[in-house]
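What follows is a set of notes on a single structure, which appears directly below.
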Amino acid sequence: MAAWKKWWISFAMLLQIIVGIVVVSLWFYRDQAWTIPVNDWLHSSTGQSFSAGVAMFLIIVALTVMAVAIFRPTTTKQMVIAKEGANKVQIDQQAVEHSLGTSIAKYDLYNPVIKLKMHRNNRKADVTVHGMLSNRTNPKLIHTVLLQTIKENLKQDFDIDLNKLHVKLSPYTDKKSVVVV
């Protein structure tokens, strides 16, 4: 998470802590001389409006933090592949896609396009291969060969496990149909 996000979340949570301490103090010490005027003001219409505004602010902050936590994407464009103390090595998504593209270049696929989604939490990747079959390619064997090649490349080169492989093939000519295995 970026440093500025951590500071904004910390600031918002600090405001919630301060409001909570004030409310608990006013409730706990309600018979003290210094809390009686504050409690009287809170019971007025202006104090009620102020309390409603503070409550709405706290609800909005809580919902925002929950939404960030829930809807934060689990995929990333860069993944840490090695980490030792403060030092880390990151690999870019496009570099992994290029490496996979060169590893499957030996198979008879025309215009192969690889799309990659790297999951940051469990060091796994979803790979989608789009390609056009040549006349020499056996469509029944291409999926297993691509699966083995991509799995080995990801594990050996980047220490990333393969989560899912989707192979979407199209025929070289429109006259023939291709069954994707």
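In the structure tokens, chains take the letters A, B, ... in the order shown, each chain's residues start at 1, and ligands count up from 1 in the order shown.
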inquiry  = Report as a PyMOL selection string all protein, DNA and RNA residues lying within 12 Å of Ala105 in chain A, evaluated on only C-alpha atoms, omitting residues in the same chain fewer than 3 positions from it.
reply    = chain A and resi 98-102+108-114+129+131+146+149-150
For the residues in that selection, give me C-alpha atoms as a PDB file, in the first residue's frame.
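Now in again08.pdb:
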```
ATOM      1  CA  HIS A  98       6.974 -11.884 -22.912  1.00  0.00           C
ATOM      2  CA  SER A  99       8.836 -14.789 -21.321  1.00  0.00           C
ATOM      3  CA  LEU A 100       5.811 -17.064 -21.714  1.00  0.00           C
ATOM      4  CA  GLY A 101       5.400 -15.895 -25.314  1.00  0.00           C
ATOM      5  CA  THR A 102       8.959 -16.859 -26.152  1.00  0.00           C
ATOM      6  CA  ASP A 108       2.816 -24.092 -34.247  1.00  0.00           C
ATOM      7  CA  LEU A 109       0.645 -21.207 -33.097  1.00  0.00           C
ATOM      8  CA  TYR A 110       0.267 -18.106 -35.210  1.00  0.00           C
ATOM      9  CA  ASN A 111       0.043 -14.727 -33.494  1.00  0.00           C
ATOM     10  CA  PRO A 112       0.066 -16.008 -29.918  1.00  0.00           C
ATOM     11  CA  VAL A 113      -1.158 -13.458 -27.393  1.00  0.00           C
ATOM     12  CA  ILE A 114      -0.736 -14.144 -23.687  1.00  0.00           C
ATOM     13  CA  VAL A 129      -3.444 -17.908 -24.416  1.00  0.00           C
ATOM     14  CA  GLY A 131      -3.690 -18.111 -30.828  1.00  0.00           C
ATOM     15  CA  LEU A 146       1.027 -25.566 -23.444  1.00  0.00           C
ATOM     16  CA  THR A 149       5.450 -25.550 -20.874  1.00  0.00           C
ATOM     17  CA  ILE A 150       3.781 -22.586 -19.161  1.00  0.00           C
TER      18      ILE A 150
END
```
Go through A:Tyr107, A:Phe158, A:Tyr172, A:Trp8 and flag the residue nearest Ile142 in chain A, using only C-alpha atoms for the distances.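 Looking only at the distances to Ile142 in chain A, the closest residue turns out to be A:Tyr107.
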- request: Could you find all residues in range 33-178 of chain A that DSSP calls alpha helix (DSSP H) from the backbone, and write them as a count of residues only?
  value: 61
Range 62-76 of chain A environment, 9 Å, only C-alpha atoms, sequence neighbours closer than 5 positions dropped, as JSON, numbers by chain: {"A": [9, 13, 57, 93, 117, 118, 119, 120, 121, 125]}
Per-residue DSSP, chain A, filtered to strand (DSSP E or B), as an NGL selection string
:A and (75-76 or 78-84 or 87-92 or 109-119 or 124-133 or 161-170)
Close residues, Thr128 in chain A itself excluded, 8 Å, only C-alpha atoms, min 4 positions apart in chain, as a ChimeraX atom specification
/A:114-116,165-168
In terms of the shortest atom-to-atom distance over only C-alpha atoms, which of A:Lys106, A:Met132, A:Asn138, A:Val96 is closest to Leu154 in chain A?
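Of A:Lys106, A:Met132, A:Asn138, A:Val96, the one nearest Leu154 in chain A is A:Val96, counting only C-alpha atoms.
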Between CA of Gln48 in chain A and CA of Phe11 in chain A, measure the distance and give it in Å to one decimal.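 CA of Phe11 in chain A lies 24.9 Å from CA of Gln48 in chain A.
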Note to self: Would you compute the distance between CA of Ile160 in chain A and CA of Arg123 in chain A? Give it in Å to one decimal.
What the structure shows: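 For CA of Ile160 in chain A relative to CA of Arg123 in chain A, the distance reads 5.5 Å.
When CA of Glu97 in chain A is paired with CA of Lys151 in chain A, their separation reads 12.9 Å.
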Among the residues A:Arg136, A:His143, A:Lys124, A:Lys155, the one that comes closest to Pro171 in chain A [using only C-alpha atoms]:
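For Pro171 in chain A, the nearest of the candidates is A:Arg136.
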